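To keep things clear, I will list the structure first and then write my remarks on it.
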Amino acid sequence: MKIATWNVNSLKVRQQHVIDWLAESHVDVLCLQELKLPDEKFPRAELEAHGYRSWFAGQKTYNGVGILVRGNLFVDEATVVRNIPAFDDPQQRVIALTIDGVRIVSAYFPNGQAPGTDKFAYKLAWLNALHDWLADELTRYPKLALLGDYNIAPDDRDVHDPKAWEGQNLVSPEERAQFERLIGLGFVDAFRQFEQPEKTFTWWDYRMFAFRRNAGLRIDHILLSPALAPHCTSCTVDKAPRKWEQPSDHAPVVAELALSA
DNA sequence: ATGGCGAATGCTATTCGA
């Protein structure tokens, strides 16, 4: 099973990119973030015409998450969950579903703006709620993959200029401690299971030629539960779509899972 | 220290993202 995550920064603008990338990547599951459209505007039929069914939780303007699943895979409708159940939140940031016993979670972590702000406090509260919910989910679904835009660069290796970024939003000790709390649940960072090129990132600012200079961060991740991690045979960042016309500022991350039936 | 870019919106200016 090939799974992936991609923050598309508006599905309306990036619809054709998603369709083109699905056609060339042949992923089985694609988790999307920042749909930026209400559910009635979701291009369900267009994606279905290209062989993918959709589950999503959207809202106007901001946030919004989805999961695209190839037509031949069985999704148990009863397992679909939107948002963190115990965390009342108008912002649509989480959707989960189960495919053949594999729990797939698509998550758009809060940005946080800057340490000390209200938005940062919300980010930490959201992370606490996510942690507690996932601890519970793992008891029900030992095979669980958490894919998404984490808005956290977990290590200095994940930052183009660690000195310039020190203590800032996305790399602060509080955020990294929250990432480590997820690791404490047994999760494995799929990307770091394999040898990787240095300075591999998943996001580059639109400004100041950041992509051309590879001035990026690795903030999009695939965490795999202890029962799932041993099945992972590869994890890579696909930079190609970031070079396309009118790109998202994020690149997709892909992991392959070798699962026997 | 600021802005740069891009998307969305009661749109010709503002907010947010990261």
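Going by the structure tokens order, chains are called A, B, ..., each with residues numbered from 1, while ligands are numbered from 1 in the order shown.
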Rows by chain and residue number, chain A within 8 Å of chain B, shortest pair, only C-alpha atoms (C1' of nucleotides), as a Markdown table:
| residue | atom | partner | partner_atom | distance |
| --- | --- | --- | --- | --- |
| A:Asn9 | CA | B:DA7 | C1' | 7.7 |
| A:Ser10 | CA | B:DA7 | C1' | 7.2 |
| A:Thr61 | CA | B:DA8 | C1' | 5.7 |
| A:Asn111 | CA | B:DA18 | C1' | 6.8 |
| A:Gln113 | CA | B:DA18 | C1' | 7.9 |
| A:Asn151 | CA | B:DA18 | C1' | 7.5 |
| A:Leu170 | CA | B:DA18 | C1' | 7.6 |
| A:Asp205 | CA | B:DA18 | C1' | 7.3 |
| A:Tyr206 | CA | B:DC5 | C1' | 4.8 |
| A:Arg207 | CA | B:DC5 | C1' | 4.8 |
| A:Met208 | CA | B:DG4 | C1' | 5.9 |
I need the residues from that last selection saved to file as a short mmCIF file (atom, residue, chain, number, x, y, z; two decimals), in the first residue's frame (with N, CA and C atoms), if you can.
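Wrote again_5.cif, looks like this:
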data_model
loop_
_atom_site.label_atom_id
_atom_site.label_comp_id
_atom_site.auth_asym_id
_atom_site.auth_seq_id
_atom_site.Cartn_x
_atom_site.Cartn_y
_atom_site.Cartn_z
N ASN A 9 -2.61 23.69 -0.28
CA ASN A 9 -2.86 25.13 -0.23
C ASN A 9 -3.91 25.56 -1.26
N SER A 10 -5.12 25.09 -1.02
CA SER A 10 -6.31 25.33 -1.87
C SER A 10 -6.48 24.21 -2.90
N THR A 61 -12.54 28.97 3.20
CA THR A 61 -11.34 29.81 3.36
C THR A 61 -10.13 29.14 3.99
N ASN A 111 -0.82 26.15 12.76
CA ASN A 111 0.43 26.84 12.46
C ASN A 111 1.10 27.38 13.74
N GLN A 113 1.56 30.51 14.66
CA GLN A 113 1.98 31.91 14.49
C GLN A 113 3.34 32.21 15.13
N ASN A 151 3.37 21.13 10.87
CA ASN A 151 3.85 22.46 11.25
C ASN A 151 4.87 22.40 12.37
N LEU A 170 7.47 26.75 14.71
CA LEU A 170 7.71 25.54 13.90
C LEU A 170 8.93 24.73 14.38
N ASP A 205 9.08 28.63 1.45
CA ASP A 205 8.35 29.88 1.34
C ASP A 205 8.24 30.30 -0.12
N TYR A 206 7.10 30.89 -0.47
CA TYR A 206 6.93 31.39 -1.83
C TYR A 206 7.88 32.55 -2.13
N ARG A 207 8.32 33.20 -1.04
CA ARG A 207 9.06 34.45 -1.22
C ARG A 207 10.57 34.22 -1.32
N MET A 208 11.25 35.20 -1.86
CA MET A 208 12.71 35.26 -1.82
C MET A 208 13.39 34.04 -2.44
#
Just list as a ChimeraX atom specification whatever in region 134-230 of chain A DSSP marks as helix (DSSP H, G or I). /A:134-140,156-158,162-165,173-184,190-193,229-230
Identify all residues of region 18-155 of chain A in strand (DSSP E or B) (DSSP on the backbone) and supply them as a PyMOL selection string. chain A and resi 29-33+52-57+65-70+75+81-82+94-99+102-108+144-149
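Among A:Leu185, A:Ala23, A:Cys235, A:Val13, the residue with the shortest atom-to-atom distance to Val254 (chain A), counting only C-alpha atoms, is A:Cys235.
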Calculate how many Å separate CA of Thr98 (chain A) from CA of Gly58 (chain A), rounding to one decimal. 19.4 Å
Please compute the CA of Gly186 (chain A)-CA of Ala145 (chain A) distance, one decimal, in Å.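 Separation between CA of Gly186 (chain A) and CA of Ala145 (chain A): 11.6 Å.
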Expressed in Å to a single decimal, how great is the separation between CA of Phe120 (chain A) and CA of Leu11 (chain A)? 25.7 Å
Within 8 Å of Arg103 (chain A), counting only C-alpha atoms (C1' of nucleotides), which residues qualify if same-chain residues fewer than 5 places away don't, as an MDAnalysis selection string? chainID A and resid 96:98 141 143:145
Would you export the selected residues with N, CA, C and O atoms as a CSV table (one decimal), in the first residue's frame, please?
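The resulting file, out_8.csv, is shown below:
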chain,number,residue,atom,x,y,z
A,96,ALA,N,-10.2,10.7,9.7
A,96,ALA,CA,-9.6,9.4,9.8
A,96,ALA,C,-10.5,8.3,9.3
A,96,ALA,O,-11.7,8.5,9.3
A,97,LEU,N,-9.9,7.3,8.7
A,97,LEU,CA,-10.7,6.1,8.2
A,97,LEU,C,-9.8,4.9,8.2
A,97,LEU,O,-8.6,5.0,8.3
A,98,THR,N,-10.5,3.7,8.0
A,98,THR,CA,-9.7,2.5,8.1
A,98,THR,C,-9.9,1.7,6.8
A,98,THR,O,-10.9,1.6,6.2
A,141,TYR,N,-6.8,0.5,17.0
A,141,TYR,CA,-6.1,0.2,15.7
A,141,TYR,C,-4.6,0.2,15.8
A,141,TYR,O,-3.9,1.2,15.6
A,143,LYS,N,-2.4,-0.8,13.9
A,143,LYS,CA,-1.8,-0.4,12.6
A,143,LYS,C,-2.3,1.0,12.3
A,143,LYS,O,-3.4,1.1,11.7
A,144,LEU,N,-1.5,2.0,12.6
A,144,LEU,CA,-2.0,3.4,12.4
A,144,LEU,C,-0.9,4.2,11.8
A,144,LEU,O,0.2,4.2,12.2
A,145,ALA,N,-1.4,5.0,10.8
A,145,ALA,CA,-0.4,6.0,10.1
A,145,ALA,C,-1.0,7.4,10.3
A,145,ALA,O,-2.2,7.6,9.9
